[in-house]
$ cat protein35.pdb   # PDB, C-alpha atoms
ATOM      1  CA  MET A   1     124.771 150.833 139.419
ATOM      2  CA  ALA A   2     126.127 147.482 140.300
ATOM      3  CA  ASP A   3     129.480 148.641 141.539
ATOM      4  CA  LEU A   4     129.186 152.186 142.821
ATOM      5  CA  LEU A   5     131.470 151.437 145.759
ATOM      6  CA  VAL A   6     134.360 150.924 143.343
ATOM      7  CA  HIS A   7     133.427 154.108 141.487
ATOM      8  CA  ALA A   8     133.191 155.995 144.772
ATOM      9  CA  ALA A   9     136.640 154.722 145.786
ATOM     10  CA  SER A  10     138.114 155.997 142.512
ATOM     11  CA  ALA A  11     136.520 159.393 143.136
ATOM     12  CA  TYR A  12     137.838 159.350 146.687
ATOM     13  CA  VAL A  13     141.392 158.869 145.411
ATOM     14  CA  ALA A  14     140.996 161.654 142.873
ATOM     15  CA  ALA A  15     139.098 164.166 145.017
ATOM     16  CA  ARG A  16     140.422 163.663 148.561
ATOM     17  CA  PRO A  17     143.464 165.900 147.975
ATOM     18  CA  LEU A  18     141.099 168.805 147.129
ATOM     19  CA  ARG A  19     141.014 171.224 150.032
ATOM     20  CA  ASP A  20     137.452 172.356 149.360
ATOM     21  CA  HIS A  21     135.079 169.799 150.847
ATOM     22  CA  ARG A  22     132.141 171.258 148.878
ATOM     23  CA  LEU A  23     133.948 170.641 145.609
ATOM     24  CA  ARG A  24     134.748 167.124 146.771
ATOM     25  CA  SER A  25     131.109 166.412 147.524
ATOM     26  CA  ILE A  26     130.214 167.389 143.939
ATOM     27  CA  VAL A  27     132.892 165.071 142.505
ATOM     28  CA  TYR A  28     131.362 162.216 144.523
ATOM     29  CA  VAL A  29     127.923 163.022 143.110
ATOM     30  CA  GLY A  30     129.466 163.229 139.627
ATOM     31  CA  VAL A  31     131.010 159.777 139.854
ATOM     32  CA  CYS A  32     127.579 158.281 140.676
ATOM     33  CA  LEU A  33     125.775 160.423 138.104
ATOM     34  CA  PRO A  34     126.027 158.230 134.944
ATOM     35  CA  ASP A  35     124.497 155.222 136.732
ATOM     36  CA  LEU A  36     121.899 157.311 138.551
ATOM     37  CA  LEU A  37     120.784 158.844 135.260
ATOM     38  CA  TYR A  38     120.888 155.538 133.395
ATOM     39  CA  LYS A  39     118.934 153.551 135.987
ATOM     40  CA  GLY A  40     116.599 156.474 136.613
ATOM     41  CA  LEU A  41     115.661 156.738 132.941
ATOM     42  CA  LEU A  42     115.521 152.963 132.501
ATOM     43  CA  TYR A  43     113.535 151.941 135.572
ATOM     44  CA  LEU A  44     111.719 155.082 136.707
ATOM     45  CA  GLY A  45     111.165 156.484 133.223
ATOM     46  CA  GLY A  46     110.643 153.142 131.465
ATOM     47  CA  ALA A  47     112.954 154.274 128.656
ATOM     48  CA  PRO A  48     114.503 151.843 126.143
ATOM     49  CA  ASN A  49     118.154 150.940 126.685
ATOM     50  CA  TYR A  50     119.586 153.024 123.892
ATOM     51  CA  LEU A  51     117.733 156.152 125.008
ATOM     52  CA  CYS A  52     119.809 155.966 128.188
ATOM     53  CA  GLU A  53     123.140 155.564 126.379
ATOM     54  CA  PRO A  54     124.023 159.296 126.268
ATOM     55  CA  THR A  55     124.448 159.069 130.064
ATOM     56  CA  HIS A  56     127.503 156.888 129.430
ATOM     57  CA  SER A  57     129.134 158.900 126.664
ATOM     58  CA  PRO A  58     131.583 161.798 127.087
ATOM     59  CA  LEU A  59     129.681 164.300 124.947
ATOM     60  CA  GLY A  60     126.270 163.073 126.058
ATOM     61  CA  LEU A  61     127.124 163.874 129.672
ATOM     62  CA  LEU A  62     127.872 167.534 128.924
ATOM     63  CA  PRO A  63     124.235 168.766 128.795
ATOM     64  CA  PHE A  64     123.307 166.666 131.846
ATOM     65  CA  CYS A  65     126.101 168.200 133.943
ATOM     66  CA  TYR A  66     125.373 171.652 132.569
ATOM     67  CA  ALA A  67     121.664 171.415 133.400
ATOM     68  CA  ILE A  68     122.419 170.205 136.938
ATOM     69  CA  SER A  69     125.049 172.914 137.458
ATOM     70  CA  LEU A  70     122.394 175.546 136.708
ATOM     71  CA  PHE A  71     120.668 174.564 139.940
ATOM     72  CA  PHE A  72     123.657 175.814 141.942
ATOM     73  CA  GLU A  73     123.967 179.434 142.958
ATOM     74  CA  GLU A  74     125.567 181.540 140.252
ATOM     75  CA  ALA A  75     129.030 181.839 141.787
ATOM     76  CA  TRP A  76     129.317 178.060 142.065
ATOM     77  CA  ARG A  77     127.998 176.930 138.702
ATOM     78  CA  LYS A  78     131.249 176.791 136.753
ATOM     79  CA  ARG A  79     133.059 174.887 139.505
ATOM     80  CA  ALA A  80     130.075 172.581 140.041
ATOM     81  CA  PHE A  81     129.967 171.819 136.316
ATOM     82  CA  GLY A  82     133.698 171.011 136.201
ATOM     83  CA  ALA A  83     133.663 168.882 139.347
ATOM     84  CA  MET A  84     130.558 166.967 138.316
ATOM     85  CA  LEU A  85     131.841 166.358 134.803
ATOM     86  CA  GLY A  86     135.212 165.259 136.198
ATOM     87  CA  GLY A  87     133.510 162.738 138.460
ATOM     88  CA  ALA A  88     131.292 161.492 135.639
ATOM     89  CA  TYR A  89     134.284 161.057 133.300
ATOM     90  CA  LEU A  90     136.063 159.097 136.011
ATOM     91  CA  HIS A  91     133.037 156.791 136.060
ATOM     92  CA  LEU A  92     133.286 156.308 132.286
ATOM     93  CA  LEU A  93     137.007 155.538 132.523
ATOM     94  CA  LEU A  94     136.358 152.767 135.038
ATOM     95  CA  ASP A  95     133.413 151.406 133.044
ATOM     96  CA  LEU A  96     135.606 151.357 129.942
ATOM     97  CA  GLY A  97     137.554 148.502 131.534
ATOM     98  CA  LYS A  98     134.499 146.221 131.666
ATOM     99  CA  ASN A  99     134.088 143.141 129.523
ATOM    100  CA  TYR A 100     130.891 142.761 127.525
ATOM    101  CA  VAL A 101     132.319 140.046 125.239
ATOM    102  CA  GLY A 102     133.418 142.670 122.741
ATOM    103  CA  SER A 103     130.077 144.423 122.282
ATOM    104  CA  GLY A 104     131.411 147.593 123.888
ATOM    105  CA  VAL A 105     130.178 149.700 126.741
ATOM    106  CA  ILE A 106     131.024 153.360 126.099
ATOM    107  CA  LEU A 107     129.749 155.229 123.024
ATOM    108  CA  TRP A 108     132.953 157.252 122.935
ATOM    109  CA  ALA A 109     132.029 159.519 120.002
ATOM    110  CA  PHE A 110     128.245 159.722 120.436
ATOM    111  CA  PRO A 111     126.334 161.472 118.763
ATOM    112  CA  PHE A 112     128.759 161.387 115.839
ATOM    113  CA  SER A 113     129.199 157.628 115.990
ATOM    114  CA  MET A 114     127.345 154.745 117.634
ATOM    115  CA  GLU A 115     130.532 152.719 117.955
ATOM    116  CA  ALA A 116     130.912 151.326 121.476
ATOM    117  CA  VAL A 117     134.331 150.528 122.937
ATOM    118  CA  GLU A 118     135.547 148.453 125.874
ATOM    119  CA  LEU A 119     138.915 147.363 127.224
ATOM    120  CA  GLY A 120     137.593 144.030 128.489
ATOM    121  CA  TRP A 121     139.717 143.922 131.653
ATOM    122  CA  TYR A 122     137.022 142.671 134.044
ATOM    123  CA  ALA A 123     133.503 141.244 133.917
ATOM    124  CA  SER A 124     130.837 143.438 135.479
ATOM    125  CA  GLU A 125     129.672 140.555 137.703
ATOM    126  CA  ASP A 126     133.227 140.269 139.079
ATOM    127  CA  SER A 127     133.065 143.828 140.453
ATOM    128  CA  ILE A 128     132.015 142.191 143.696
ATOM    129  CA  TYR A 129     135.638 141.102 144.219
ATOM    130  CA  LEU A 130     136.728 144.739 143.976
ATOM    131  CA  MET A 131     134.497 145.890 146.831
ATOM    132  CA  LEU A 132     136.843 145.041 149.722
ATOM    133  CA  PRO A 133     139.899 146.437 147.896
ATOM    134  CA  ALA A 134     137.828 149.579 147.227
ATOM    135  CA  LEU A 135     137.136 149.961 150.954
ATOM    136  CA  ALA A 136     140.843 149.399 151.655
ATOM    137  CA  VAL A 137     141.765 152.100 149.125
ATOM    138  CA  ILE A 138     139.354 154.557 150.785
ATOM    139  CA  ALA A 139     140.866 153.783 154.212
ATOM    140  CA  LEU A 140     144.428 154.127 152.905
ATOM    141  CA  VAL A 141     143.698 157.458 151.209
ATOM    142  CA  GLU A 142     142.010 158.724 154.381
ATOM    143  CA  LEU A 143     145.004 157.705 156.487
ATOM    144  CA  GLY A 144     147.456 159.117 153.954
ATOM    145  CA  THR A 145     145.766 162.513 153.598
ATOM    146  CA  GLY A 146     145.367 162.745 157.397
ATOM    147  CA  ARG A 147     149.103 162.261 157.847
ATOM    148  CA  LEU A 148     149.973 164.710 155.071
ATOM    149  CA  ARG A 149     147.718 167.380 156.555
ATOM    150  CA  ARG A 150     149.257 166.945 159.979
ATOM    151  CA  ARG A 151     152.710 167.336 158.453
ATOM    152  CA  TRP A 152     151.769 170.277 156.204
ATOM    153  CA  PRO A 153     148.736 171.948 157.780
ATOM    154  CA  LEU A 154     146.756 174.429 155.687
ATOM    155  CA  SER A 155     148.051 177.922 156.461
ATOM    156  CA  ARG A 156     145.231 180.215 157.472
ATOM    157  CA  PRO A 157     145.360 184.017 157.222
ATOM    158  CA  GLY A 158     145.262 186.055 160.387
TER     159      GLY A 158
ATOM    160  CA  MET B   1     127.162 180.582 130.028
ATOM    161  CA  PHE B   2     126.773 180.050 133.768
ATOM    162  CA  SER B   3     125.302 183.428 134.691
ATOM    163  CA  ASN B   4     121.694 184.175 135.610
ATOM    164  CA  LYS B   5     121.140 185.985 132.308
ATOM    165  CA  GLY B   6     118.626 184.022 130.251
ATOM    166  CA  TYR B   7     118.495 181.361 132.935
ATOM    167  CA  GLY B   8     115.238 179.824 131.753
ATOM    168  CA  TRP B   9     116.403 179.656 128.143
ATOM    169  CA  LYS B  10     119.686 178.017 129.101
ATOM    170  CA  LEU B  11     118.013 175.427 131.276
ATOM    171  CA  GLY B  12     115.341 174.816 128.630
ATOM    172  CA  ALA B  13     117.968 174.441 125.891
ATOM    173  CA  ALA B  14     119.988 171.979 127.999
ATOM    174  CA  LEU B  15     116.894 169.885 128.745
ATOM    175  CA  ALA B  16     115.829 169.981 125.083
ATOM    176  CA  LEU B  17     119.308 168.849 124.043
ATOM    177  CA  ILE B  18     119.167 165.994 126.569
ATOM    178  CA  ALA B  19     115.800 164.890 125.196
ATOM    179  CA  ALA B  20     116.982 165.175 121.579
ATOM    180  CA  LEU B  21     120.132 163.141 122.273
ATOM    181  CA  GLY B  22     118.047 160.466 123.993
ATOM    182  CA  VAL B  23     115.589 160.178 121.120
ATOM    183  CA  TYR B  24     118.424 160.173 118.563
ATOM    184  CA  ALA B  25     120.275 157.427 120.482
ATOM    185  CA  ALA B  26     117.104 155.348 120.787
ATOM    186  CA  ARG B  27     116.388 155.593 117.042
ATOM    187  CA  LYS B  28     119.962 154.843 115.973
ATOM    188  CA  GLY B  29     120.411 152.129 118.577
ATOM    189  CA  GLU B  30     117.262 150.237 117.642
ATOM    190  CA  SER B  31     119.033 148.596 114.714
ATOM    191  CA  ILE B  32     122.364 148.015 116.509
ATOM    192  CA  ASN B  33     121.504 145.364 119.066
ATOM    193  CA  PRO B  34     117.848 144.387 118.545
ATOM    194  CA  PRO B  35     116.129 142.052 121.022
ATOM    195  CA  LEU B  36     116.472 138.384 120.111
ATOM    196  CA  TRP B  37     112.720 137.858 119.736
ATOM    197  CA  ARG B  38     112.604 140.519 117.030
ATOM    198  CA  CYS B  39     115.365 138.789 115.070
ATOM    199  CA  VAL B  40     113.622 135.424 115.384
ATOM    200  CA  VAL B  41     110.318 136.881 114.204
ATOM    201  CA  GLU B  42     111.879 138.750 111.252
ATOM    202  CA  PRO B  43     115.006 136.728 110.405
ATOM    203  CA  ARG B  44     115.508 138.152 106.880
ATOM    204  CA  ARG B  45     115.493 141.719 108.146
ATOM    205  CA  TRP B  46     118.192 141.070 110.747
ATOM    206  CA  ASP B  47     120.347 138.650 108.734
ATOM    207  CA  ASN B  48     124.104 139.160 109.461
ATOM    208  CA  THR B  49     123.439 141.485 112.416
ATOM    209  CA  VAL B  50     125.919 141.195 115.272
ATOM    210  CA  LEU B  51     123.975 140.326 118.435
ATOM    211  CA  TRP B  52     124.941 140.481 122.077
ATOM    212  CA  LEU B  53     122.957 138.342 124.517
ATOM    213  CA  PRO B  54     123.811 139.605 128.007
ATOM    214  CA  TYR B  55     122.207 136.573 129.630
ATOM    215  CA  ALA B  56     121.285 133.169 128.229
ATOM    216  CA  ARG B  57     120.760 129.658 129.598
ATOM    217  CA  VAL B  58     122.029 126.616 127.724
ATOM    218  CA  VAL B  59     119.077 124.319 126.958
ATOM    219  CA  SER B  60     120.838 121.590 124.962
ATOM    220  CA  VAL B  61     124.356 120.841 123.711
ATOM    221  CA  HIS B  62     125.312 118.986 120.494
ATOM    222  CA  ASP B  63     128.625 118.376 118.724
ATOM    223  CA  ALA B  64     129.091 121.675 116.958
ATOM    224  CA  GLU B  65     126.162 123.685 118.236
ATOM    225  CA  PHE B  66     124.013 124.311 121.274
ATOM    226  CA  GLU B  67     120.654 125.869 122.003
ATOM    227  CA  VAL B  68     120.181 128.793 124.366
ATOM    228  CA  ALA B  69     117.136 130.403 125.931
ATOM    229  CA  ALA B  70     117.471 134.129 126.421
ATOM    230  CA  THR B  71     114.863 136.106 128.326
ATOM    231  CA  ASP B  72     112.666 136.539 125.270
ATOM    232  CA  ALA B  73     113.361 133.661 122.850
ATOM    233  CA  LYS B  74     115.272 130.446 122.129
ATOM    234  CA  ILE B  75     117.882 130.055 119.402
ATOM    235  CA  ARG B  76     120.544 127.651 118.119
ATOM    236  CA  VAL B  77     124.150 128.761 118.385
ATOM    237  CA  THR B  78     126.844 127.297 116.140
ATOM    238  CA  GLY B  79     130.045 126.830 118.084
ATOM    239  CA  LYS B  80     131.199 125.127 121.245
ATOM    240  CA  SER B  81     129.311 125.814 124.448
ATOM    241  CA  PRO B  82     131.581 126.951 127.301
ATOM    242  CA  VAL B  83     129.092 125.597 129.868
ATOM    243  CA  PRO B  84     127.055 122.374 130.193
ATOM    244  CA  VAL B  85     123.246 122.136 129.902
ATOM    245  CA  GLY B  86     121.605 124.390 132.489
ATOM    246  CA  GLY B  87     124.654 126.665 132.665
ATOM    247  CA  ARG B  88     124.419 130.366 131.988
ATOM    248  CA  LEU B  89     126.504 132.506 129.703
ATOM    249  CA  THR B  90     126.765 135.808 127.915
ATOM    250  CA  LEU B  91     127.596 135.700 124.230
ATOM    251  CA  ARG B  92     128.155 137.733 121.097
ATOM    252  CA  GLY B  93     127.601 136.373 117.621
ATOM    253  CA  ILE B  94     126.290 136.988 114.120
ATOM    254  CA  PHE B  95     122.589 136.358 113.568
ATOM    255  CA  ARG B  96     121.971 134.216 110.487
ATOM    256  CA  ALA B  97     118.499 134.007 108.957
ATOM    257  CA  ASP B  98     118.975 130.369 107.852
ATOM    258  CA  GLY B  99     117.791 128.444 110.840
ATOM    259  CA  PRO B 100     117.633 131.008 112.368
ATOM    260  CA  ARG B 101     120.863 130.679 114.329
ATOM    261  CA  ILE B 102     123.695 132.628 115.863
ATOM    262  CA  GLU B 103     127.269 132.134 114.716
ATOM    263  CA  LEU B 104     129.307 132.412 117.895
ATOM    264  CA  ILE B 105     132.051 135.040 118.031
ATOM    265  CA  GLU B 106     132.785 135.204 121.750
ATOM    266  CA  SER B 107     131.199 133.918 124.938
ATOM    267  CA  ARG B 108     131.814 133.920 128.669
ATOM    268  CA  PRO B 109     130.268 131.679 131.339
ATOM    269  CA  LEU B 110     128.249 133.469 133.992
ATOM    270  CA  PRO B 111     128.582 132.415 137.651
ATOM    271  CA  PRO B 112     125.702 130.348 139.094
ATOM    272  CA  ASP B 113     125.311 132.833 141.962
ATOM    273  CA  LEU B 114     124.896 135.804 139.582
ATOM    274  CA  GLY B 115     121.555 136.842 141.110
ATOM    275  CA  ARG B 116     122.931 136.977 144.655
ATOM    276  CA  ARG B 117     126.038 138.840 143.496
ATOM    277  CA  ARG B 118     123.951 141.446 141.695
ATOM    278  CA  LEU B 119     121.632 141.845 144.671
ATOM    279  CA  LEU B 120     124.550 142.442 147.042
ATOM    280  CA  MET B 121     126.171 144.920 144.654
ATOM    281  CA  GLU B 122     122.880 146.779 144.145
ATOM    282  CA  VAL B 123     122.277 147.048 147.906
ATOM    283  CA  VAL B 124     125.817 148.343 148.496
ATOM    284  CA  SER B 125     125.440 150.773 145.579
ATOM    285  CA  VAL B 126     122.192 152.175 146.984
ATOM    286  CA  LEU B 127     123.943 152.690 150.337
ATOM    287  CA  VAL B 128     126.811 154.463 148.567
ATOM    288  CA  VAL B 129     124.343 156.776 146.797
ATOM    289  CA  LEU B 130     122.640 157.593 150.116
ATOM    290  CA  VAL B 131     126.003 158.429 151.737
ATOM    291  CA  VAL B 132     127.050 160.565 148.743
ATOM    292  CA  ILE B 133     123.744 162.479 148.784
ATOM    293  CA  ALA B 134     123.904 162.940 152.555
ATOM    294  CA  ASN B 135     127.449 164.282 152.220
ATOM    295  CA  PHE B 136     126.330 166.643 149.442
ATOM    296  CA  ILE B 137     123.371 167.957 151.462
ATOM    297  CA  ARG B 138     125.730 168.562 154.406
ATOM    298  CA  HIS B 139     127.634 171.080 152.267
ATOM    299  CA  PHE B 140     124.881 172.576 150.116
ATOM    300  CA  SER B 141     121.477 173.664 151.302
ATOM    301  CA  ILE B 142     118.665 173.258 148.806
ATOM    302  CA  ARG B 143     116.699 176.500 148.625
ATOM    303  CA  PRO B 144     114.254 176.474 145.710
ATOM    304  CA  LYS B 145     112.832 179.900 146.569
ATOM    305  CA  VAL B 146     116.248 181.556 146.415
ATOM    306  CA  LEU B 147     116.870 179.814 143.103
ATOM    307  CA  GLN B 148     113.581 181.086 141.691
ATOM    308  CA  VAL B 149     114.268 184.651 142.785
ATOM    309  CA  GLU B 150     117.809 184.607 141.461
ATOM    310  CA  GLY B 151     116.716 182.929 138.281
ATOM    311  CA  VAL B 152     114.549 185.843 137.171
ATOM    312  CA  ASP B 153     116.309 188.270 134.804
TER     313      ASP B 153
END

$ encode --input "protein35.pdb" --output "structure tokens"
Amino acid sequence: MADLLVHAASAYVAARPLRDHRLRSIVYVGVCLPDLLYKGLLYLGGAPNYLCEPTHSPLGLLPFCYAISLFFEEAWRKRAFGAMLGGAYLHLLLDLGKNYVGSGVILWAFPFSMEAVELGWYASEDSIYLMLPALAVIALVELGTGRLRRRWPLSRPG
Amino acid sequence: MFSNKGYGWKLGAALALIAALGVYAARKGESINPPLWRCVVEPRRWDNTVLWLPYARVVSVHDAEFEVAATDAKIRVTGKSPVPVGGRLTLRGIFRADGPRIELIESRPLPPDLGRRRLLMEVVSVLVVLVVIANFIRHFSIRPKVLQVEGVD
């Protein structure tokens, strides 16, 4: 959970163009979901580290998102599942760039393989340097979408 | 798949799958990156296992090796220390039962202000979560009674 601002900024870039603000709000929840589940199981549930690993694997996230989507009203479940999974996958993509001295961070093929992969682009403790740029990105996207909407306003029936 | 038909079964199956995946991961993962203290206690069992120490403090430095204290045990590491005595690092290496020791593969120094950095990032992250949840609640009302009624076949 150490860098959710950066994750939130990535979700903001991806989801801000969506016209439906409800769908956007689910993407934002989705991008926080892997860390919320991981830390929740680890600290609140007292689970061992590896028990929490499915929360950071593409296939492992499917049942989590599905179970959560079932708590939405019926008409919204499919969209909620897609938006939440999209946000969660965005989280994994960003985490994939972390550097854990080659030990890997994402169990990309779990449960078929326990092989963890990483790109090693940045150390997790250096995420702090990405916080201000993340805020700048959020501000830029907000400004950009505001301008675009003024230029091409959403046509409303009637 | 997303309809109300068999709602309880679907939710139960999803939760059972989540639990099964967790237990499976815990069992498989136990032998992948065991805690250092377990390797030190049973060196023969964990001989040649690749270990990752997320956090270790350098206790002493010699010509071709150094000693580190992780959270749960101390161990010698063959290789060159990237930090002086008292410095902190994260490292990956192969556990060897003779010694026991770790043969260094890769290491990275950790900043001295790691604790403060983590604290700041955790506080900001908690704030982000609160904003995200507040934004979600603004758009979706949580009505357990409606859910229960709709959930019945």

$ closest_residue --input "protein35.pdb" --among "A:Thr145, A:Pro34, A:Leu94, A:Arg150" --to "Arg19 of chain A" --atoms "only C-alpha atoms"
A:Thr145

$ closest_residue --input "protein35.pdb" --among "A:Gly87, A:Pro133, A:Pro58, A:Gly40" --to "Ala116 of chain A" --atoms "only C-alpha atoms"
A:Pro58

$ interface_residues --input "protein35.pdb" --of "chain A" --to "chain B" --cutoff "8 Å" --atoms "only C-alpha atoms" --output "compact mmCIF listing (two decimals) with C-alpha atoms, in the frame of the given file"
# COMPACT_ATOMS: atom_id res chain seq x y z
CA MET A 1 124.77 150.83 139.42
CA ALA A 2 126.13 147.48 140.30
CA ASP A 3 129.48 148.64 141.54
CA LEU A 4 129.19 152.19 142.82
CA LEU A 5 131.47 151.44 145.76
CA ALA A 8 133.19 156.00 144.77
CA HIS A 21 135.08 169.80 150.85
CA ARG A 22 132.14 171.26 148.88
CA SER A 25 131.11 166.41 147.52
CA ILE A 26 130.21 167.39 143.94
CA TYR A 28 131.36 162.22 144.52
CA VAL A 29 127.92 163.02 143.11
CA CYS A 32 127.58 158.28 140.68
CA PRO A 48 114.50 151.84 126.14
CA ASN A 49 118.15 150.94 126.68
CA TYR A 50 119.59 153.02 123.89
CA LEU A 51 117.73 156.15 125.01
CA CYS A 52 119.81 155.97 128.19
CA GLU A 53 123.14 155.56 126.38
CA PRO A 54 124.02 159.30 126.27
CA GLY A 60 126.27 163.07 126.06
CA PRO A 63 124.24 168.77 128.79
CA PHE A 64 123.31 166.67 131.85
CA TYR A 66 125.37 171.65 132.57
CA ALA A 67 121.66 171.42 133.40
CA LEU A 70 122.39 175.55 136.71
CA PHE A 71 120.67 174.56 139.94
CA PHE A 72 123.66 175.81 141.94
CA GLU A 73 123.97 179.43 142.96
CA GLU A 74 125.57 181.54 140.25
CA ARG A 77 128.00 176.93 138.70
CA LYS A 78 131.25 176.79 136.75
CA TYR A 100 130.89 142.76 127.52
CA VAL A 101 132.32 140.05 125.24
CA GLY A 102 133.42 142.67 122.74
CA SER A 103 130.08 144.42 122.28
CA PRO A 111 126.33 161.47 118.76
CA MET A 114 127.34 154.74 117.63
CA GLU A 125 129.67 140.56 137.70
CA ILE A 128 132.01 142.19 143.70

$ closest_residue --input "protein35.pdb" --among "B:Val77, B:Val61, B:Val68, B:Leu36" --to "Glu103 of chain B" --atoms "only C-alpha atoms"
B:Val77

$ closest_residue --input "protein35.pdb" --among "A:Val13, A:Leu119, A:Leu93, A:Leu85" --to "Cys65 of chain A" --atoms "only C-alpha atoms"
A:Leu85

$ axis_aligned_box --input "protein35.pdb" --around "segment 48-60 of chain A" --padding-each-side "4 Å" --output "lines of an AutoDock Vina configuration file"
center_x = 123.0
center_y = 157.6
center_z = 127.0
size_x = 25.1
size_y = 21.4
size_z = 14.2

$ atom_distance --input "protein35.pdb" --atom1 "atom CA of Ala64 of chain B" --atom2 "atom CA of Gly79 of chain B"
5.4 Å

$ resolve_selection --input "protein35.pdb" --expression "the PyMOL selection byres ((chain B and resi 60) around 12)" --output "list in words"
Arg57, Val58, Val59, Val61, His62, Asp63, Ala64, Glu65, Phe66, Glu67, Val68, Ala69, Lys74, Ile75, Arg76, Val77, Lys80, Ser81, Val83, Pro84, Val85, Gly86, Gly87 and Arg88 of chain B

$ atom_distance --input "protein35.pdb" --atom1 "atom CA of Leu33 of chain A" --atom2 "atom CA of Trp9 of chain B"
23.6 Å

$ atom_distance --input "protein35.pdb" --atom1 "atom CA of Ala109 of chain A" --atom2 "atom CA of Asp95 of chain A"
15.4 Å

$ residues_around --input "protein35.pdb" --residues "Ala97 of chain B" --least-positions-apart "4" --cutoff "10 Å" --atoms "all atoms listed in the file" --output "number ranges by chain"
B: 39-40, 42-49, 101-102

$ residues_around --input "protein35.pdb" --residues "Val117 of chain A" --least-positions-apart "4" --cutoff "9 Å" --atoms "all atoms listed in the file" --output "PyMOL selection string"
chain A and resi 96+102-108

$ decode --input "protein35.pdb" --residues "segment 50-62 of chain B" --atoms "N, CA, C and O atoms" --output "PDB file, in the first residue's frame"
ATOM      1  N   VAL B  50      17.329 -20.379  -3.108  1.00  0.00           N
ATOM      2  CA  VAL B  50      17.522 -18.945  -3.373  1.00  0.00           C
ATOM      3  C   VAL B  50      16.697 -18.167  -2.353  1.00  0.00           C
ATOM      4  O   VAL B  50      15.497 -18.400  -2.195  1.00  0.00           O
ATOM      5  N   LEU B  51      17.373 -17.259  -1.635  1.00  0.00           N
ATOM      6  CA  LEU B  51      16.715 -16.481  -0.577  1.00  0.00           C
ATOM      7  C   LEU B  51      16.669 -15.011  -0.940  1.00  0.00           C
ATOM      8  O   LEU B  51      17.601 -14.489  -1.541  1.00  0.00           O
ATOM      9  N   TRP B  52      15.602 -14.362  -0.533  1.00  0.00           N
ATOM     10  CA  TRP B  52      15.522 -12.905  -0.672  1.00  0.00           C
ATOM     11  C   TRP B  52      15.337 -12.323   0.730  1.00  0.00           C
ATOM     12  O   TRP B  52      14.393 -12.690   1.431  1.00  0.00           O
ATOM     13  N   LEU B  53      16.262 -11.473   1.141  1.00  0.00           N
ATOM     14  CA  LEU B  53      16.109 -10.771   2.422  1.00  0.00           C
ATOM     15  C   LEU B  53      15.665  -9.347   2.100  1.00  0.00           C
ATOM     16  O   LEU B  53      16.465  -8.553   1.593  1.00  0.00           O
ATOM     17  N   PRO B  54      14.422  -9.008   2.371  1.00  0.00           N
ATOM     18  CA  PRO B  54      13.942  -7.665   2.021  1.00  0.00           C
ATOM     19  C   PRO B  54      14.645  -6.566   2.819  1.00  0.00           C
ATOM     20  O   PRO B  54      14.752  -5.437   2.360  1.00  0.00           O
ATOM     21  N   TYR B  55      15.130  -6.918   4.015  1.00  0.00           N
ATOM     22  CA  TYR B  55      15.716  -5.909   4.880  1.00  0.00           C
ATOM     23  C   TYR B  55      16.783  -6.574   5.746  1.00  0.00           C
ATOM     24  O   TYR B  55      16.510  -7.563   6.425  1.00  0.00           O
ATOM     25  N   ALA B  56      17.991  -6.043   5.699  1.00  0.00           N
ATOM     26  CA  ALA B  56      19.062  -6.573   6.543  1.00  0.00           C
ATOM     27  C   ALA B  56      20.033  -5.445   6.890  1.00  0.00           C
ATOM     28  O   ALA B  56      20.211  -4.511   6.117  1.00  0.00           O
ATOM     29  N   ARG B  57      20.652  -5.573   8.067  1.00  0.00           N
ATOM     30  CA  ARG B  57      21.621  -4.567   8.518  1.00  0.00           C
ATOM     31  C   ARG B  57      23.001  -5.212   8.529  1.00  0.00           C
ATOM     32  O   ARG B  57      23.147  -6.352   8.989  1.00  0.00           O
ATOM     33  N   VAL B  58      23.983  -4.489   7.997  1.00  0.00           N
ATOM     34  CA  VAL B  58      25.340  -5.039   7.951  1.00  0.00           C
ATOM     35  C   VAL B  58      25.977  -4.908   9.330  1.00  0.00           C
ATOM     36  O   VAL B  58      26.061  -3.815   9.884  1.00  0.00           O
ATOM     37  N   VAL B  59      26.411  -6.065   9.882  1.00  0.00           N
ATOM     38  CA  VAL B  59      26.968  -6.086  11.242  1.00  0.00           C
ATOM     39  C   VAL B  59      28.490  -5.976  11.192  1.00  0.00           C
ATOM     40  O   VAL B  59      29.102  -5.268  11.979  1.00  0.00           O
ATOM     41  N   SER B  60      29.112  -6.685  10.242  1.00  0.00           N
ATOM     42  CA  SER B  60      30.567  -6.592  10.091  1.00  0.00           C
ATOM     43  C   SER B  60      30.943  -6.822   8.635  1.00  0.00           C
ATOM     44  O   SER B  60      30.215  -7.494   7.891  1.00  0.00           O
ATOM     45  N   VAL B  61      32.082  -6.244   8.237  1.00  0.00           N
ATOM     46  CA  VAL B  61      32.541  -6.376   6.843  1.00  0.00           C
ATOM     47  C   VAL B  61      33.963  -6.910   6.838  1.00  0.00           C
ATOM     48  O   VAL B  61      34.820  -6.415   7.583  1.00  0.00           O
ATOM     49  N   HIS B  62      34.236  -7.932   6.015  1.00  0.00           N
ATOM     50  CA  HIS B  62      35.587  -8.484   5.853  1.00  0.00           C
ATOM     51  C   HIS B  62      35.953  -8.398   4.372  1.00  0.00           C
ATOM     52  O   HIS B  62      35.188  -7.833   3.584  1.00  0.00           O
TER      53      HIS B  62
END
